[in-house]
Amino acid sequence: MTTRQNGRPSQLFRNLNAKIASIPMVLTALVVFLGGTAWTVLYSFTSSKLLPRLNFVGLDQYERLWAAPRWMTAIENLAIYGFLSLIFSLVIGFLLAALLDQKIRFEDTFRTIFLYPFALSFIVTGLIWQWLLNPDFGFQGVVRQLGWESFTFNPLYNAEIVIYGILIAGLWQGTGLVMCLMLAGLRGIDEDIWKAARVDGIPMWKTYLFIVIPMMRPVFITTLVIIASGIVRVYDLVVAQTSGGPGIASEVPAKYVYDYMFAAQNLGQGFAASTMMLLTVAIVIVPWAYFEFGRRRHV
Amino acid sequence: MSDHAALNVAAAGFDAIAEEVSGPRGAKPRRVLSRRNIFLYGTLILIAVYYLLPLYVMFVTSLKGMPEIRLGNIFAPPVEITFEPWVKAWATACTGLNCDGLSRGFWNSVRITVPSVIVSIIIASVNGYALANWRFKGADIFFIILIVGAFIPYQVMIYPIVIILREMGLYGSLWGLVIVHSIFGMPILTLLFRNYFASVPEELFKAARVDGAGFWAIYFKIMLPMALPIFVVAIILQVTGIWNDFLFGVIYTKPDTYPMTVQLNNIVNSVQGVKEYNVNMAATILTGLVPLIVYFASGRLFVRGIAAGAVKG
Amino acid sequence: MSSVSVKDLSLNFGHISVLKDLNLDIAEGEFLVLLGPSGCGKSTLLNCIAGLLDISDGQIFIKGKNVTWEEPKDRGIGMVFQSYALYPQMTVKGNLTFGLKNAGVAKDEIERRVARTADILQIQPLLERKPSQLSGGQRQRVAIGRALVRDVDVFLFDEPLSNLDAKLRSELRVEIKRLHQKLANTMIYVTHDQIEALTLADRIAVMKGGLIQQLDTPHAIYNHPVNRFVAGFIGSPGMNFLEGQLETGAGAVVKIGNMPVPIDRYVFSGSSQQHTGATVLGIRPEHIAFGDGAGAMPFSHEVDIEIVEPMGSDTLVWTRLDGQSLSFRVEAERPLQAGDRVRIGFDPARASLFDSATGNRI
Amino acid sequence: MSSVSVKDLSLNFGHISVLKDLNLDIAEGEFLVLLGPSGCGKSTLLNCIAGLLDISDGQIFIKGKNVTWEEPKDRGIGMVFQSYALYPQMTVKGNLTFGLKNAGVAKDEIERRVARTADILQIQPLLERKPSQLSGGQRQRVAIGRALVRDVDVFLFDEPLSNLDAKLRSELRVEIKRLHQKLANTMIYVTHDQIEALTLADRIAVMKGGLIQQLDTPHAIYNHPVNRFVAGFIGSPGMNFLEGQLETGAGAVVKIGNMPVPIDRYVFSGSSQQHTGATVLGIRPEHIAFGDGAGAMPFSHEVDIEIVEPMGSDTLVWTRLDGQSLSFRVEAERPLQAGDRVRIGFDPARASLFDSATGNRI
Amino acid sequence: TDLEVTHWWTSGGEAAAVSEFAKAFNATGNKWVDGAIAGGGNTARPVMISRITGGDPMAATQFNHGRQAEELVEAGLMRDLTDLATKEKWAEIVRPKSLLDGCTLDGKIYCAPINIHSWQWLWLSNKAFEEAGVPVPKNWDEFVAAAPALEKAGKIPLAIGGQPWQNSGAFNVLIPAIAGKDVFLKVYQDKDAEVAAGPEIAKVFKAADDARKMAAKSNVQDWNQATNLVITGQAGGQIMGDWAQGEFQVAGQVAGEDYTCLPGLGVNELISTDGDAFYFPKLDDPEKTKAQEVLASTMLNPKTQVAFNLKKGSVPVRADVDLTAANDCMKKGLDILAKGNVIPAVNQLNTEDTNNQLNDLFVEFFKTPSMTPEDAQKRYADIIAAAE
Ligand SMILES: Nc1ncnc2c1ncn2[C@@H]1O[C@H](COP(=O)(O)OP(=O)(O)OP(=O)(O)O)[C@@H](O)[C@H]1O
Ligand SMILES: Nc1ncnc2c1ncn2[C@@H]1O[C@H](COP(=O)(O)OP(=O)(O)OP(=O)(O)O)[C@@H](O)[C@H]1O
Ligand SMILES: [Mg+2]
Ligand SMILES: [Mg+2]
């Protein structure tokens, strides 16, 4: 190893500019995300109320969390909402993209129509759909006015199905982006694959199902990350549409966190809840992120 | 042409003549109203109606008077068009003692959005560039943390960020808010930029290094001019995201500088007797107008940019 | 009966006319190569024949049947693509059988055909692998297999070898040739590599700008190109072109600068009398004699060697004649160096003359 | 003094060792070609020399100066990339001057150098165009110009021609050769095209798996490959390999099947006594005589023609000897057909013998 | 000097009341910068807390006094008003004394109480009962009995907004009304879980069960939307604090004529002494610090107190003001107050955490018909047992 002494400069100062330029990212990652998370986890073991204080109470906050019916409802809702919204966004987004990919006229117009809700915030989305689903003025009211008196479509006021009412709004807002991603993915598929399938006499739907979709794996993964990160954080939509009601039927974890941190002034409880959320996310995401971004190198 | 070939042509010519009379010729006829087209466009139009309905209802409602709303059908066009809700939403709706509607919030939103978009995009694009092209040791770890950070509910971070900003002495200033937006825009934007710059041929980067360009020279002179599509995507995402933000806007500003969304919330949630749906809808449309215009104007670029940056995992 | 026949085919993309009134007849069992520079419409023509593009005008017959409006799968064709276009998530076997299953072919028949195909292409050991686990050459073989297994009469190849490296390319070229000898199917093969065209084809259609320039046997195209474009496109190292003046009359000559090249033994396509004036004389590097033999040629001259390019099996030497660049081929063993002065010569009977203005052979 | 010198260079990507203890000395003004199959580490080596990759171990000297840890710009090199890597948003002139401006070269000096470079490469009319408005060959020229304008001693080329079509490739090859003759700079040129290597190189380094297999003149590499890999890699159409048994003693022979090939005139690299047993005999297609001359050769045999590949200037004929595939080259004019029975022969002195197990020349 | 004041009073009556403060403060030559945040305390409080802890505080901010701001005071972020209070003799003029106690920590006063609110009111629409053909009830039991008639007339018997605090609030009103003051104190002051699980509270749950059946059809969110249902005669009644009176007033309705108010639900005439208070975060700017004092004393100024409370529908914190302008309902309240029939406010007894748990429980109870009163009571007792 004589060469090592041959003036190999310190690794620290190689690409110094790149490192300097990355400081905002490094700080954000370390101080805000990692630090903030660690801070949150730490205080979840305390009985902090309005202000964070280090009076440790062990796992009390967690015990209480898992005994709280509202938390359980929130988890259940997130599971239903998350699962369905994942499935439906992907399916609808893909179907829309596939429709638009048929060399249709006015593609731009249709695409813009499907995409524009994405420009609106969840708050606005929630408000619109609250209004459309209002039993007196909305769909139900209109159908009843048309003479079908017994028609009932009242998701926001029926605890059993309220989460689906939120899902409708969420899908309306988000599928456009999914469509866009899928469309980009479809356009990236080698034209020859389509030709090969046509020569083989494979019907269109089979080509999509068995050939194209499996080829779009990276697009699906990117999309999945984007949708999933939105789902975990879903809050504004629920607040704007139902405020968690009726009762606690449409509570979600992020709202639980928020309410306990600020309304109930029980930071410890809020932090415990958010730690649980983070833990779940981490279990799913970290291995994936490592696999996806950590190991692969672009040559 | 050799004889051999000429013979072939002649022989084939005879076969063909008989068929030519009967057989199909030219482009395959395509009926405009084929079953496929009816299905395709039918479906598309139906879905388009579904997507447009809320916008339509908002718009129609905002042009009606309250009595008409209470009695009528939300889908019916207004019998009597009134612009009063718009005027009220923009200029006179009250929150507490402030009765100037959304008007004040508009410029506040602009003042918040413009620097936030610029700063967050600069930071993210430099990050993406450093990650894609200068891969120094450990960079990926930070990136993974960043990506995982995209899943953290914003609410959880309010406290830590309040503390961080307080320690930096930036709490309550515009720059504090800009930093917050940069932080929360960073994961997705960095991902976009990183993917985009990774798709730029590495040789270009190498050529620039041989040409003696350093980190910044390559960024500004080589990468930036080529990254237009992805910048469009980033700008669109950030403009809409920051414009639509409520949580940070309300926490990190003051009444004088409340963005439009906060005022929208105030108008919509300050119920005075009955809900004035028409004013709410007008206010909602007004607030959403900027992002909507951005989308309608640049949808095509958005799709192209997405294709360039987002899809390559 | 011709196997594939294209009549007055036109194809436009919007306002751009890509193929113009094209006619082509391919005999049963013939190996036809479509050769031409990039963008000349080769793939477009192939796609029209396959039914993958809707033509604008004209008719297409396959085995005497008018298939102008038929779906690709009903045309009795198999196609091999440049990028292989294998279904990446299916095994090799899956790739081979997917089309057959769709067509409802019976199970044991599928097995039989897969076995036969795998046998012909020697891909049995690969049947359970995914395309990503194959080398380029293996992928190409599987792509051919996918066409083969369909048991069709006409094979269409769209630059099937251009993604491979030179070594593999020459190996697979031989395999395709063997395959054709074994199967005796009609094959239409698109390439822009003239070596492939020359080695594989029964006949070559040289295309340019959506038109067929020349349709003939490799030999005819190589030795009697109808115009300067074809002459230059075929042959590597390429034909030398020398600008000159054709002077007919007593002892017709082409004057290169002030050197007269006697062309009385040249066979004009029309009558030589029609042509005088600016002419291009084309002569292939291997038809230029050098050293001892050169002096015996009807035309010979002394030149300075500029560049020597040893190519292993032989050596290409660059020189200038009347200031115009000229290359000739010598055996690898000749000890030549840049700067040497040597005598070269050629027989104008082996040359081609083209009209300077139109580029057509005269 | 050697111009570029690489000592014990190693490079690992993570756990994968790509270059292993590599040594290389390149003389002033030499044209060295790095040749090898895809993935063998050619580009990696070039990038190490250019300073674009951090090496794991070893040292690099350019003009006697240890540049192991220098920045690329400080190494006095110019580099030309496979994909041209022109800055798409700058004009040609912008591309040429970018590096000079970065280095703070004075304005009139920049103008002077650009003018000179444009002159050498004849790209004056293109200076104001954007790369997207250039043809492939023009882009390549600009890419070379970008290296040229830097006025450096060492040029690095990474497969600069592989994106071009065959015609253009052979033209530009000649231009690069001319350029080298004019500038007399040191050039290191990466390619996997053996024709390029043979025509351009003063010396060729044949690489495989991160190791240099043979470093020698084109002639030596073509005629005396050190192992079967080099032998097979160089030459197109490729060398024929015939498996056989080496039997030494009175009149050494290699037995191909039951045909004895006398090899008493073959020059062994070591002592022939050391070798017996399984041996591969390599013979190039152009060294196989055919027809009248064949009988006179030390070894000759009658074979059936399987495939005839006319390649324009000459024809490649495929046959079998002892069931093993064998090709030989004949002039284009010979009227041969598959199925013909002919006599072929060769002089074992022109063959190469390899150990079957190790592949090394014996 | 400009002072920014944050609060969440954005309904019609509330805004009118706030403007009285602003007018009075502006009259002192300063300027009231209004920082209303709509959406109730849950939206506004995080903003306030963040800004105070973040070091960019407003000049004054509303909090329900009680325990909400305790920690901020302990952290030294709030201004000590003791000097001002001594000078202006708050201890003497503010009644009941418990209000000032709520502002006091370690003998120092940190906030200015501005009104007395009581929760224990049942508001009834005379018009609704007229249309249903039944007399206006005089107490809870009559009200429950009248429910079927109201329903038949197509009216919602009881209007309750969907927000959690309205549901738990209604329940907390039912406790003293049905089970009496002692039980109320045992549960909330002593946190006696046994009582909470006992038969007295079971009766309250029965009543709550009635209430939720009557409220099944009320589809509104905000409390004032619910009040509006009563004002327009679409609903029979609403259990809501005295702030509802502001809405009746804004709508131009007259107590006794258009609507009827029953304190303590007409059963036990008790009222609580909730109240709003303003806190004054510490500021660096001495000008503003001085102005804060002016603001505090303006708020407690007798004239401002009257003007504000008349609009707000609450009772002034000082006894020495002229309330002849007060209406029927407010007078009833003043009477009860004078008699001393007061109970402490739930807010003062419970932490926000406990309140929030109660909110969760009752919003679920009121909106989930399948949840039995027994189950709910069990959970109720658990929450009381765990409360501090
Ligand atoms: N979908 C299309 N729309 C418009 N023009 C097209 C389309 N497809 C091909 N073209 C044009 O038609 C011409 C012929 O294209 P084609 O693909 O047939 O060329 P090619 O001979 O196969 O070239 P290559 O050797 O590069 O594959 C080109 O000029 C091309 O630009
Ligand atoms: N950044 C990298 N990380 C890991 N492995 C790499 C990287 N770059 C190259 N390699 C590996 O190093 C080996 C040599 O690569 P290199 O690019 O030098 O090959 P090459 O000889 O230039 O091939 P080609 O002719 O295809 O350009 C390859 O096996 C490649 O997979
Ligand atoms: Mg093509
Ligand atoms: Mg390489």
# chains A, B, ... in the order shown; residues from 1 in each chain; ligands from 1
call {"tool": "residues_around", "arguments": {"residues": "Ser170 (chain C)", "least_positions_apart": "5", "cutoff": "10 Å", "atoms": "only C-alpha atoms", "output": "PDB file with N, CA and C atoms, in the first residue's frame"}}
result
ATOM      1  N   LEU C 161     -30.543  -7.749 -36.245  1.00  0.00           N
ATOM      2  CA  LEU C 161     -29.194  -7.922 -35.707  1.00  0.00           C
ATOM      3  C   LEU C 161     -28.528  -6.616 -35.312  1.00  0.00           C
ATOM      4  N   LEU C 164     -26.740  -5.965 -31.924  1.00  0.00           N
ATOM      5  CA  LEU C 164     -25.727  -6.908 -31.447  1.00  0.00           C
ATOM      6  C   LEU C 164     -24.337  -6.442 -31.838  1.00  0.00           C
ATOM      7  N   ASP C 165     -23.335  -6.994 -31.169  1.00  0.00           N
ATOM      8  CA  ASP C 165     -21.996  -6.575 -31.561  1.00  0.00           C
ATOM      9  C   ASP C 165     -21.530  -7.346 -32.802  1.00  0.00           C
ATOM     10  N   GLU C 175     -26.560 -18.091 -39.064  1.00  0.00           N
ATOM     11  CA  GLU C 175     -27.667 -18.920 -38.570  1.00  0.00           C
ATOM     12  C   GLU C 175     -28.959 -18.628 -39.313  1.00  0.00           C
ATOM     13  N   ILE C 195     -23.516  -5.432 -45.692  1.00  0.00           N
ATOM     14  CA  ILE C 195     -22.933  -6.777 -45.647  1.00  0.00           C
ATOM     15  C   ILE C 195     -24.026  -7.810 -45.401  1.00  0.00           C
ATOM     16  N   GLU C 196     -24.895  -7.505 -44.451  1.00  0.00           N
ATOM     17  CA  GLU C 196     -26.029  -8.403 -44.212  1.00  0.00           C
ATOM     18  C   GLU C 196     -26.836  -8.590 -45.484  1.00  0.00           C
ATOM     19  N   THR C 199     -24.944 -10.787 -48.063  1.00  0.00           N
ATOM     20  CA  THR C 199     -24.748 -12.192 -47.709  1.00  0.00           C
ATOM     21  C   THR C 199     -26.060 -12.962 -47.646  1.00  0.00           C
TER      22      THR C 199
ATOM     23  N   SER D 236     -12.287 -10.400 -38.987  1.00  0.00           N
ATOM     24  CA  SER D 236     -13.661 -10.616 -39.393  1.00  0.00           C
ATOM     25  C   SER D 236     -13.642 -10.858 -40.879  1.00  0.00           C
ATOM     26  N   PRO D 237     -14.174 -11.912 -41.376  1.00  0.00           N
ATOM     27  CA  PRO D 237     -14.762 -13.036 -40.645  1.00  0.00           C
ATOM     28  C   PRO D 237     -13.753 -13.676 -39.706  1.00  0.00           C
ATOM     29  N   GLY D 238     -14.255 -14.234 -38.633  1.00  0.00           N
ATOM     30  CA  GLY D 238     -13.392 -14.704 -37.550  1.00  0.00           C
ATOM     31  C   GLY D 238     -12.559 -15.917 -37.903  1.00  0.00           C
TER      32      GLY D 238
END
call {"tool": "closest_atom_pairs", "arguments": {"of": "chain B", "to": "ligand 2", "cutoff": "12 Å", "atoms": "only C-alpha atoms and all ligand atoms", "output": "CSV"}}
result
residue,atom,partner,partner_atom_place_in_ligand_line,distance
B:Ala132,CA,ligand 2,1 (N),11.8
B:Asn133,CA,ligand 2,1 (N),11.2
B:Trp134,CA,ligand 2,1 (N),11.8
B:Arg135,CA,ligand 2,1 (N),10.3
B:Glu202,CA,ligand 2,1 (N),10.5
B:Glu203,CA,ligand 2,17 (O),11.5
call {"tool": "write_last_selection", "arguments": {"atoms": "C-alpha atoms", "output": "PDB file, in the first residue's frame"}}
result
ATOM      1  CA  ALA B 132     -27.422  12.144  -9.296  1.00  0.00           C
ATOM      2  CA  ASN B 133     -24.062  13.338 -10.522  1.00  0.00           C
ATOM      3  CA  TRP B 134     -21.730  13.763  -7.589  1.00  0.00           C
ATOM      4  CA  ARG B 135     -22.705  10.765  -5.514  1.00  0.00           C
ATOM      5  CA  GLU B 202     -23.346  10.852 -17.760  1.00  0.00           C
ATOM      6  CA  GLU B 203     -20.907  11.570 -20.535  1.00  0.00           C
TER       7      GLU B 203
END
call {"tool": "atom_distance", "arguments": {"atom1": "CA of Trp288 (chain A)", "atom2": "CA of Leu224 (chain A)"}}
result
11.5 Å
call {"tool": "calpha_fit_rmsd", "arguments": {"fixed": "chain C", "moving": "chain D"}}
result
0.2 Å
call {"tool": "residues_near_ligand", "arguments": {"ligand": "ligand 4", "cutoff": "10 Å", "atoms": "only C-alpha atoms and all ligand atoms", "output": "PyMOL selection string"}}
result
chain D and resi 36-47+81-82+158-159+190-192
call {"tool": "interface_residues", "arguments": {"of": "chain B", "to": "chain E", "cutoff": "12 Å", "atoms": "only C-alpha atoms", "output": "NGL selection string"}}
result
:B and (93-99 or 155 or 157-173 or 176 or 246-258 or 261-276)
call {"tool": "select_by_dssp", "arguments": {"residues": "region 116-252 of chain C", "states": "strand (DSSP E)", "output": "ChimeraX atom specification"}}
result
/C:154-158,186-191,203-208,211-216,240-247
call {"tool": "residues_around", "arguments": {"residues": "region 27-30 of chain C", "least_positions_apart": "2", "cutoff": "7 Å", "atoms": "only C-alpha atoms", "output": "count of residues only"}}
result
10
call {"tool": "interface_residues", "arguments": {"of": "chain C", "to": "chain B", "cutoff": "9 Å", "atoms": "only C-alpha atoms", "output": "number ranges by chain"}}
result
C: 1-2, 5, 7, 9-10, 24-27, 54-61, 64-70, 203, 214-217, 220, 226
call {"tool": "interface_residues", "arguments": {"of": "chain C", "to": "chain D", "cutoff": "8 Å", "atoms": "only C-alpha atoms", "output": "list in words"}}
result
Ala166, Lys167, Ser170, Lys177, Arg178, Asp193, Ile195, Leu198, Thr199, Leu200, Pro218, His219, Tyr222, Phe233, Gly235, Ser236, Pro237, Gly238, Glu286, Ile307, Val308, Glu309, Pro310, Met311, Gly312 and Ser313 of chain C
call {"tool": "write_last_selection", "arguments": {"atoms": "C-alpha atoms", "output": "tab-separated table (two decimals), in the first residue's frame"}}
result
chain	number	residue	atom	x	y	z
C	166	ALA	CA	-20.08	-7.32	-34.72
C	167	LYS	CA	-18.95	-10.78	-33.74
C	170	SER	CA	-21.82	-12.31	-38.19
C	177	LYS	CA	-29.10	-18.08	-43.60
C	178	ARG	CA	-29.09	-21.72	-42.46
C	193	ASP	CA	-26.09	-2.98	-43.15
C	195	ILE	CA	-22.93	-6.78	-45.65
C	198	LEU	CA	-25.28	-8.99	-49.65
C	199	THR	CA	-24.75	-12.19	-47.71
C	200	LEU	CA	-28.36	-13.04	-46.99
C	218	PRO	CA	-26.81	-8.94	-54.78
C	219	HIS	CA	-24.44	-9.58	-57.62
C	222	TYR	CA	-22.94	-4.80	-56.48
C	233	PHE	CA	-24.41	2.59	-50.48
C	235	GLY	CA	-19.80	-2.09	-50.71
C	236	SER	CA	-17.37	-1.51	-47.87
C	237	PRO	CA	-14.88	0.00	-48.22
C	238	GLY	CA	-17.03	2.09	-50.48
C	286	GLU	CA	-10.79	-4.23	-54.97
C	307	ILE	CA	-2.79	6.47	-45.47
C	308	VAL	CA	-2.43	2.76	-44.97
C	309	GLU	CA	-5.22	1.03	-43.13
C	310	PRO	CA	-4.37	-2.54	-42.23
C	311	MET	CA	-7.61	-4.40	-41.70
C	312	GLY	CA	-6.18	-7.75	-40.75
C	313	SER	CA	-7.09	-9.90	-43.65
call {"tool": "interface_residues", "arguments": {"of": "chain C", "to": "chain A", "cutoff": "6 Å", "atoms": "only C-alpha atoms", "output": "VMD selection string"}}
result
chain C and resid 72 to 73 85 99
call {"tool": "residues_around", "arguments": {"residues": "region 207-220 of chain E", "least_positions_apart": "6", "cutoff": "9 Å", "atoms": "only C-alpha atoms", "output": "PyMOL selection string"}}
result
(chain A and resi 135+157) or (chain E and resi 144+147-148+151+155-163+170-171+174+178+226+229+235+365-367+369+372-373)
call {"tool": "interface_residues", "arguments": {"of": "chain B", "to": "chain A", "cutoff": "7 Å", "atoms": "only C-alpha atoms", "output": "MDAnalysis selection string"}}
result
chainID B and resid 40 48 51:52 54 73:74 126:127 130 134 140 142 144:146 148:153 155:157 160 183 215 240 244 284 288 291:292 295:296 299 303 306:307 311:313
call {"tool": "select_by_dssp", "arguments": {"residues": "region 118-250 of chain A", "states": "helix (DSSP H, G or I)", "output": "NGL selection string"}}
result
:A and (118-119 or 122-132 or 139-145 or 155-157 or 162-187 or 191-199 or 204-215 or 217-232 or 236-241)
call {"tool": "closest_atom_pairs", "arguments": {"of": "chain A", "to": "chain E", "cutoff": "8 Å", "atoms": "only C-alpha atoms", "output": "tab-separated table"}}
result
residue	atom	partner	partner_atom	distance
A:Leu50	CA	E:Glu71	CA	6.3
A:Leu51	CA	E:Glu71	CA	6.6
A:Arg70	CA	E:Asp360	CA	7.0
A:Tyr157	CA	E:Asn219	CA	7.3
A:Ala159	CA	E:Thr368	CA	7.5
A:Ser243	CA	E:Gln163	CA	7.6
A:Gly245	CA	E:Gly162	CA	6.8
A:Pro246	CA	E:Lys367	CA	5.9
A:Gly247	CA	E:Glu364	CA	4.2
A:Ile248	CA	E:Glu364	CA	5.5
A:Ala249	CA	E:Glu364	CA	7.7
A:Asp259	CA	E:Asn42	CA	7.4
A:Tyr260	CA	E:Asp353	CA	7.5
A:Phe262	CA	E:Pro46	CA	5.3
A:Ala263	CA	E:Asn42	CA	5.0
A:Ala264	CA	E:Asp353	CA	4.3
A:Gln265	CA	E:Asp353	CA	6.0
A:Asn266	CA	E:Asp353	CA	5.8
call {"tool": "decode", "arguments": {"residues": "region 162-175 of chain A", "atoms": "N, CA, C and O atoms", "output": "PDB file, in the first residue's frame"}}
result
ATOM      1  N   VAL A 162     -69.331   6.491   5.883  1.00  0.00           N
ATOM      2  CA  VAL A 162     -68.793   7.833   5.704  1.00  0.00           C
ATOM      3  C   VAL A 162     -67.400   7.818   5.067  1.00  0.00           C
ATOM      4  O   VAL A 162     -67.052   8.670   4.256  1.00  0.00           O
ATOM      5  N   ILE A 163     -66.633   6.798   5.375  1.00  0.00           N
ATOM      6  CA  ILE A 163     -65.276   6.752   4.859  1.00  0.00           C
ATOM      7  C   ILE A 163     -65.284   6.621   3.334  1.00  0.00           C
ATOM      8  O   ILE A 163     -64.381   7.099   2.651  1.00  0.00           O
ATOM      9  N   TYR A 164     -66.339   6.012   2.807  1.00  0.00           N
ATOM     10  CA  TYR A 164     -66.430   5.907   1.345  1.00  0.00           C
ATOM     11  C   TYR A 164     -66.763   7.260   0.720  1.00  0.00           C
ATOM     12  O   TYR A 164     -66.363   7.555  -0.396  1.00  0.00           O
ATOM     13  N   GLY A 165     -67.522   8.036   1.484  1.00  0.00           N
ATOM     14  CA  GLY A 165     -67.802   9.387   1.016  1.00  0.00           C
ATOM     15  C   GLY A 165     -66.516  10.186   0.888  1.00  0.00           C
ATOM     16  O   GLY A 165     -66.334  10.956  -0.057  1.00  0.00           O
ATOM     17  N   ILE A 166     -65.624   9.986   1.843  1.00  0.00           N
ATOM     18  CA  ILE A 166     -64.338  10.673   1.777  1.00  0.00           C
ATOM     19  C   ILE A 166     -63.498  10.119   0.637  1.00  0.00           C
ATOM     20  O   ILE A 166     -62.817  10.848  -0.075  1.00  0.00           O
ATOM     21  N   LEU A 167     -63.616   8.810   0.454  1.00  0.00           N
ATOM     22  CA  LEU A 167     -62.861   8.164  -0.620  1.00  0.00           C
ATOM     23  C   LEU A 167     -63.241   8.744  -1.987  1.00  0.00           C
ATOM     24  O   LEU A 167     -62.367   9.011  -2.817  1.00  0.00           O
ATOM     25  N   ILE A 168     -64.543   8.959  -2.178  1.00  0.00           N
ATOM     26  CA  ILE A 168     -64.985   9.511  -3.464  1.00  0.00           C
ATOM     27  C   ILE A 168     -64.261  10.817  -3.740  1.00  0.00           C
ATOM     28  O   ILE A 168     -63.716  11.041  -4.833  1.00  0.00           O
ATOM     29  N   ALA A 169     -64.233  11.676  -2.725  1.00  0.00           N
ATOM     30  CA  ALA A 169     -63.590  12.974  -2.904  1.00  0.00           C
ATOM     31  C   ALA A 169     -62.086  12.807  -3.119  1.00  0.00           C
ATOM     32  O   ALA A 169     -61.498  13.459  -3.984  1.00  0.00           O
ATOM     33  N   GLY A 170     -61.481  11.934  -2.330  1.00  0.00           N
ATOM     34  CA  GLY A 170     -60.038  11.733  -2.446  1.00  0.00           C
ATOM     35  C   GLY A 170     -59.656  11.237  -3.832  1.00  0.00           C
ATOM     36  O   GLY A 170     -58.675  11.686  -4.419  1.00  0.00           O
ATOM     37  N   LEU A 171     -60.457  10.314  -4.351  1.00  0.00           N
ATOM     38  CA  LEU A 171     -60.155   9.776  -5.673  1.00  0.00           C
ATOM     39  C   LEU A 171     -60.336  10.843  -6.743  1.00  0.00           C
ATOM     40  O   LEU A 171     -59.545  10.962  -7.663  1.00  0.00           O
ATOM     41  N   TRP A 172     -61.391  11.610  -6.571  1.00  0.00           N
ATOM     42  CA  TRP A 172     -61.637  12.674  -7.549  1.00  0.00           C
ATOM     43  C   TRP A 172     -60.425  13.596  -7.627  1.00  0.00           C
ATOM     44  O   TRP A 172     -60.004  13.998  -8.701  1.00  0.00           O
ATOM     45  N   GLN A 173     -59.861  13.876  -6.478  1.00  0.00           N
ATOM     46  CA  GLN A 173     -58.747  14.814  -6.462  1.00  0.00           C
ATOM     47  C   GLN A 173     -57.461  14.191  -7.001  1.00  0.00           C
ATOM     48  O   GLN A 173     -56.691  14.839  -7.698  1.00  0.00           O
ATOM     49  N   GLY A 174     -57.241  12.915  -6.662  1.00  0.00           N
ATOM     50  CA  GLY A 174     -55.905  12.361  -6.869  1.00  0.00           C
ATOM     51  C   GLY A 174     -55.689  11.517  -8.111  1.00  0.00           C
ATOM     52  O   GLY A 174     -54.561  11.302  -8.523  1.00  0.00           O
ATOM     53  N   THR A 175     -56.764  11.020  -8.730  1.00  0.00           N
ATOM     54  CA  THR A 175     -56.541  10.081  -9.831  1.00  0.00           C
ATOM     55  C   THR A 175     -55.885  10.745 -11.031  1.00  0.00           C
ATOM     56  O   THR A 175     -55.216  10.090 -11.802  1.00  0.00           O
TER      57      THR A 175
END
